[in-house]
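Trainee: One file: final.csv (CSV, C-alpha atoms).
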chain,number,residue,atom,x,y,z
A,1,MET,CA,1.4,26.7,44.6
A,2,ARG,CA,0.6,23.0,45.4
A,3,ASN,CA,-3.1,23.9,45.3
A,4,LYS,CA,-2.8,25.2,41.8
A,5,PHE,CA,-0.8,22.1,40.8
A,6,ASP,CA,-3.5,19.8,42.3
A,7,MET,CA,-6.2,21.7,40.4
A,8,GLN,CA,-4.3,21.2,37.1
A,9,LEU,CA,-3.9,17.5,37.9
A,10,GLU,CA,-7.6,17.3,38.4
A,11,LEU,CA,-8.1,19.0,35.0
A,12,LEU,CA,-5.7,16.4,33.5
A,13,ASN,CA,-7.9,13.6,35.0
A,14,GLU,CA,-11.0,15.2,33.5
A,15,GLN,CA,-9.5,15.6,30.0
A,16,LEU,CA,-8.2,12.0,30.1
A,17,THR,CA,-11.7,10.8,31.1
A,18,ARG,CA,-13.2,12.8,28.2
A,19,MET,CA,-10.7,11.4,25.7
A,20,GLY,CA,-11.4,7.9,27.0
A,21,GLU,CA,-15.1,8.5,26.6
A,22,LEU,CA,-14.6,9.6,23.0
A,23,CYS,CA,-12.6,6.5,22.2
A,24,GLU,CA,-15.3,4.3,23.8
A,25,LEU,CA,-18.0,6.2,21.8
A,26,ALA,CA,-16.1,5.7,18.6
A,27,ILE,CA,-15.8,2.0,19.2
A,28,ASN,CA,-19.6,1.7,19.9
A,29,ARG,CA,-20.5,3.8,16.9
A,30,VAL,CA,-18.4,1.9,14.4
A,31,THR,CA,-19.8,-1.4,15.7
A,32,LYS,CA,-23.3,0.0,15.2
A,33,ALA,CA,-22.3,1.0,11.7
A,34,LEU,CA,-21.1,-2.5,11.0
A,35,VAL,CA,-24.1,-4.3,12.5
A,36,GLU,CA,-26.7,-2.1,10.9
A,37,GLY,CA,-24.9,-1.5,7.7
A,38,ASN,CA,-25.1,2.2,8.4
A,39,LEU,CA,-22.6,4.1,6.2
A,40,GLU,CA,-23.5,7.5,7.5
A,41,GLN,CA,-22.7,6.4,11.0
A,42,ALA,CA,-19.3,5.1,9.8
A,43,LYS,CA,-18.6,8.6,8.2
A,44,LYS,CA,-19.3,10.2,11.6
A,45,VAL,CA,-16.7,7.9,13.2
A,46,MET,CA,-14.1,9.1,10.8
A,47,ALA,CA,-15.0,12.8,11.5
A,48,ALA,CA,-14.8,12.2,15.3
A,49,ASP,CA,-11.2,10.9,15.0
A,50,GLU,CA,-10.2,14.6,14.6
A,51,GLU,CA,-11.6,15.5,18.0
A,52,ILE,CA,-9.6,12.6,19.6
A,53,ASP,CA,-6.5,13.9,17.8
A,54,GLN,CA,-7.1,17.4,19.2
A,55,MET,CA,-7.6,16.1,22.7
A,56,GLU,CA,-4.2,14.4,22.5
A,57,LYS,CA,-2.6,17.7,21.6
A,58,ASP,CA,-4.4,19.5,24.4
A,59,ILE,CA,-3.5,16.9,27.1
A,60,GLU,CA,0.1,16.8,25.9
A,61,ARG,CA,0.3,20.6,26.3
A,62,LEU,CA,-1.2,20.4,29.8
A,63,CYS,CA,1.3,17.7,30.8
A,64,LEU,CA,4.3,19.7,29.5
A,65,LYS,CA,3.0,22.8,31.4
A,66,LEU,CA,2.8,20.8,34.6
A,67,LEU,CA,6.3,19.5,34.1
A,68,LEU,CA,7.9,22.9,33.2
A,69,GLN,CA,6.0,25.3,35.5
A,70,GLN,CA,5.6,23.2,38.6
A,71,GLN,CA,8.0,21.1,40.7
A,72,PRO,CA,6.4,17.7,40.7
A,73,VAL,CA,7.5,15.1,43.2
A,74,ALA,CA,8.3,11.5,42.1
A,75,LYS,CA,4.7,10.3,42.4
A,76,ASP,CA,3.5,13.3,40.3
A,77,LEU,CA,6.1,12.7,37.7
A,78,ARG,CA,4.9,9.1,37.3
A,79,GLN,CA,1.4,10.3,37.0
A,80,ILE,CA,2.2,12.9,34.3
A,81,SER,CA,4.6,10.7,32.3
A,82,ALA,CA,2.0,7.9,32.4
A,83,ALA,CA,-0.7,10.3,31.0
A,84,LEU,CA,1.7,11.2,28.1
A,85,LYS,CA,2.0,7.6,27.2
A,86,MET,CA,-1.7,6.8,27.6
A,87,ILE,CA,-2.8,9.5,25.2
A,88,THR,CA,-0.6,8.1,22.5
A,89,ASP,CA,-2.4,4.8,22.8
A,90,MET,CA,-5.8,6.5,22.9
A,91,GLU,CA,-5.0,8.5,19.8
A,92,ARG,CA,-4.2,5.2,18.0
A,93,ILE,CA,-7.5,3.7,19.2
A,94,GLY,CA,-9.2,6.7,17.5
A,95,ASP,CA,-7.2,6.0,14.3
A,96,GLN,CA,-8.2,2.3,14.4
A,97,THR,CA,-11.9,3.0,14.8
A,98,ALA,CA,-11.5,5.3,11.8
A,99,ASP,CA,-9.7,2.5,9.9
A,100,ILE,CA,-12.7,0.2,10.6
A,101,ALA,CA,-15.1,2.9,9.4
A,102,GLU,CA,-13.1,3.3,6.2
A,103,ILE,CA,-13.4,-0.5,5.5
A,104,ILE,CA,-17.2,-0.3,6.1
A,105,ILE,CA,-17.5,2.6,3.7
A,106,SER,CA,-15.1,1.4,1.0
A,107,ALA,CA,-16.6,-2.1,1.0
A,108,GLY,CA,-20.1,-0.6,0.9
A,109,MET,CA,-21.3,-2.7,3.8
A,110,SER,CA,-24.9,-1.4,3.6
A,111,GLU,CA,-26.4,-4.6,4.9
A,112,ALA,CA,-26.2,-6.0,8.4
A,113,GLY,CA,-24.2,-9.1,8.8
A,114,ASP,CA,-24.0,-11.9,11.3
A,115,VAL,CA,-21.1,-10.5,13.4
A,116,LYS,CA,-22.0,-11.6,16.9
A,117,LYS,CA,-18.5,-12.4,17.9
A,118,ILE,CA,-17.2,-9.2,16.5
A,119,GLU,CA,-19.9,-7.4,18.5
A,120,GLU,CA,-18.7,-9.3,21.6
A,121,MET,CA,-15.1,-8.3,20.8
A,122,SER,CA,-16.1,-4.7,20.4
A,123,ALA,CA,-18.0,-4.5,23.7
A,124,GLY,CA,-15.0,-6.1,25.4
A,125,VAL,CA,-12.4,-3.6,24.1
A,126,ALA,CA,-14.7,-0.7,24.8
A,127,ARG,CA,-15.0,-1.8,28.4
A,128,MET,CA,-11.2,-2.2,28.6
A,129,VAL,CA,-10.7,1.3,27.4
A,130,ASN,CA,-13.2,2.7,29.9
A,131,ASP,CA,-11.8,0.6,32.8
A,132,SER,CA,-8.2,1.5,32.0
A,133,VAL,CA,-8.9,5.3,32.2
A,134,THR,CA,-11.1,4.9,35.3
A,135,ALA,CA,-8.2,2.9,36.9
A,136,TYR,CA,-5.9,5.9,36.2
A,137,VAL,CA,-8.2,8.5,37.6
A,138,GLU,CA,-9.2,6.5,40.7
A,139,ARG,CA,-5.7,5.0,41.1
A,140,ASP,CA,-7.2,1.5,41.1
A,141,LEU,CA,-4.4,-1.0,40.7
A,142,GLU,CA,-6.8,-4.0,40.8
A,143,LEU,CA,-9.0,-2.6,38.0
A,144,ALA,CA,-5.9,-1.9,35.9
A,145,ARG,CA,-4.8,-5.5,36.3
A,146,LYS,CA,-8.2,-6.8,35.3
A,147,VAL,CA,-7.9,-4.9,32.1
A,148,MET,CA,-4.6,-6.7,31.4
A,149,GLU,CA,-6.2,-10.0,32.1
A,150,ALA,CA,-9.2,-9.2,29.8
A,151,ASP,CA,-6.9,-9.0,26.8
A,152,ASP,CA,-6.5,-12.7,26.7
A,153,ASN,CA,-10.2,-13.1,26.0
A,154,ILE,CA,-10.0,-10.6,23.2
A,155,ASP,CA,-7.1,-12.5,21.6
A,156,ARG,CA,-9.2,-15.8,21.9
A,157,LEU,CA,-12.2,-14.1,20.2
A,158,PHE,CA,-10.0,-12.8,17.4
A,159,ASP,CA,-8.6,-16.3,16.8
A,160,ASP,CA,-12.1,-17.8,16.8
A,161,ILE,CA,-13.4,-15.1,14.3
A,162,ARG,CA,-10.4,-15.5,12.0
A,163,GLY,CA,-10.7,-19.3,12.0
A,164,SER,CA,-14.4,-19.4,11.4
A,165,ILE,CA,-14.2,-16.8,8.5
A,166,ILE,CA,-11.3,-18.6,6.9
A,167,ASN,CA,-13.3,-21.8,6.9
A,168,LEU,CA,-16.2,-20.0,5.3
A,169,ILE,CA,-14.0,-18.6,2.6
A,170,ALA,CA,-12.6,-22.0,1.9
A,171,GLU,CA,-16.1,-23.3,1.5
A,172,GLY,CA,-16.8,-20.6,-1.1
A,173,ASN,CA,-18.7,-18.2,1.2
A,174,ARG,CA,-18.1,-14.7,2.4
A,175,GLY,CA,-15.3,-13.9,-0.1
A,176,GLU,CA,-14.1,-10.4,0.0
A,177,GLN,CA,-16.4,-9.5,2.8
A,178,GLY,CA,-14.8,-12.2,4.9
A,179,VAL,CA,-11.4,-10.6,4.4
A,180,ASP,CA,-12.8,-7.3,5.4
A,181,LEU,CA,-14.3,-8.8,8.6
A,182,ILE,CA,-11.0,-10.4,9.5
A,183,MET,CA,-9.4,-6.9,9.1
A,184,ILE,CA,-12.0,-5.3,11.3
A,185,ALA,CA,-11.5,-8.0,14.0
A,186,LYS,CA,-7.7,-7.4,13.8
A,187,TYR,CA,-8.2,-3.7,14.4
A,188,LEU,CA,-10.3,-4.5,17.4
A,189,GLU,CA,-7.6,-6.8,18.7
A,190,ARG,CA,-5.1,-4.0,18.3
A,191,ILE,CA,-7.4,-1.7,20.3
A,192,GLY,CA,-7.4,-4.3,23.1
A,193,ASP,CA,-3.6,-4.2,23.0
A,194,HIS,CA,-3.6,-0.4,23.3
A,195,ALA,CA,-6.1,-0.6,26.3
A,196,THR,CA,-3.7,-3.1,27.9
A,197,ASN,CA,-0.8,-0.7,27.3
A,198,ILE,CA,-2.8,2.1,29.1
A,199,ALA,CA,-3.5,-0.3,32.0
A,200,GLU,CA,0.3,-1.0,32.3
A,201,TRP,CA,1.0,2.7,32.4
A,202,VAL,CA,-1.6,3.0,35.1
A,203,GLU,CA,0.2,0.3,37.1
A,204,PHE,CA,3.5,2.3,36.6
A,205,SER,CA,1.9,5.5,37.8
A,206,ILE,CA,0.8,3.8,41.0
A,207,THR,CA,3.7,1.4,41.7
A,208,GLY,CA,6.6,2.8,39.8
A,209,VAL,CA,7.1,-0.5,38.1
A,210,HIS,CA,6.4,-0.9,34.3
A,211,LYS,CA,6.3,-4.4,32.8
A,212,GLY,CA,6.8,-3.1,29.3
A,213,ALA,CA,4.0,-2.0,27.0
A,214,GLN,CA,3.0,-4.3,24.2
A,215,ALA,CA,4.4,-3.5,20.8
A,216,VAL,CA,1.3,-2.7,18.7
A,217,GLU,CA,1.3,-2.6,15.0
A,218,ALA,CA,0.5,0.9,13.6
Mind turning the file's structure into structure tokens?
Mentor:
Amino acid sequence: MRNKFDMQLELLNEQLTRMGELCELAINRVTKALVEGNLEQAKKVMAADEEIDQMEKDIERLCLKLLLQQQPVAKDLRQISAALKMITDMERIGDQTADIAEIIISAGMSEAGDVKKIEEMSAGVARMVNDSVTAYVERDLELARKVMEADDNIDRLFDDIRGSIINLIAEGNRGEQGVDLIMIAKYLERIGDHATNIAEWVEFSITGVHKGAQAVEA
């Protein structure tokens, strides 16, 4: 019985890893769409969000099956309940990459812009998503805490981007595109918050202590 349970837990790890990879891929693709002014790439990101939504349903079903059909001990219960929380944050990450893609499409951003700090921000949150899921699968508490610490840098980058773009708008530059870029940076900042939430649930799954996930705007 326990062997079957362990096999299903391994399947849970594999599916969470796959969902995390899809989120990371969506972040990278939408950034490429922004940097290259590639509207077709942005459309692919919106379509990929459906796959992330489906994975949330599949993992939720597996978690409920583990809870109802097996007799998990306390450590297993923490692992499964953490997974249920994590997939909610990953689904929101998928939604927010789609929101960024929608801005790129609706604004017709068909030309590459100077968005170096947004690229840096995007690379940072993609790494946070990857590391938080890896920390769960490998039960790596130190890596989970590094993800939490990395969020401070994402917040600083957002403040820098917002400040510099507001200054440009005040000088009569950027205009509507500047507002769109601030919105894109804000979505990336929220993705960082979701990755931090995931890391906090990883910490809970290992230690049994939860510091309280960040409230992230929908």
Trainee: Which one of A:Leu67, A:Ala135, A:Val35, A:Ala98 sits closest to Asp49 (chain A) if you count only C-alpha atoms?
Mentor: A:Ala98
Trainee: Point out the residue among A:Val179, A:Ile198, A:Val125, A:Leu68 with the least atom-to-atom distance to Gly163 (chain A), counting all atoms listed in the file.
Mentor: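 Closest residue, counting all atoms listed in the file: A:Val179.
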Trainee: Select, from A:Lys65, A:Arg92, A:Glu189, A:Ser106, the residue with the minimum atom-to-atom distance to Asp53 (chain A), counting only C-alpha atoms.
Mentor: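 Counting only C-alpha atoms, the residue closest to Asp53 (chain A) is A:Arg92.
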Trainee: Please compute the CA of Ala33 (chain A)-CA of Met19 (chain A) distance, one decimal, in Å.
Mentor: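 Atom-to-atom, CA of Ala33 (chain A) to CA of Met19 (chain A), that is 20.9 Å.
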Trainee: I'd like to know which of A:Gly208, A:Asp155, A:Ala199, A:Val45 is closest to Asp99 (chain A), using all atoms listed in the file.
Mentor: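 Ranked by minimum distance to Asp99 (chain A), first place goes to A:Val45.
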Trainee: Calculate how many Å separate CA of Val133 (chain A) from CA of Thr31 (chain A), rounding to one decimal.
Mentor: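 A separation of 20.9 Å between them.
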Trainee: Interatomic distance between CA of Ala123 (chain A) and CA of Ala185 (chain A)?
Mentor: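 So the answer is 12.2 Å.
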Trainee: If we count all atoms listed in the file and set the cut-off at 8 Å, which residues sit around Leu84 (chain A), ignoring sequence neighbours fewer than 2 positions away in its own chain? Please answer as number ranges by chain.
Mentor: A: 59-60, 63, 80-82, 86-88
Trainee: Can you tell me, as number ranges by chain, what residues are no more than 8 Å from Arg29 (chain A) when counting all atoms listed in the file, ignoring any on the same chain fewer than 3 positions away?
Mentor: A: 25-26, 32-33, 41-42, 45
Trainee: A:Lys4, A:Lys146, A:Arg139, A:Lys117: which is nearest Ile161 (chain A), counting all atoms listed in the file?
Mentor: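 So, comparing all the options, the nearest one is A:Lys117.
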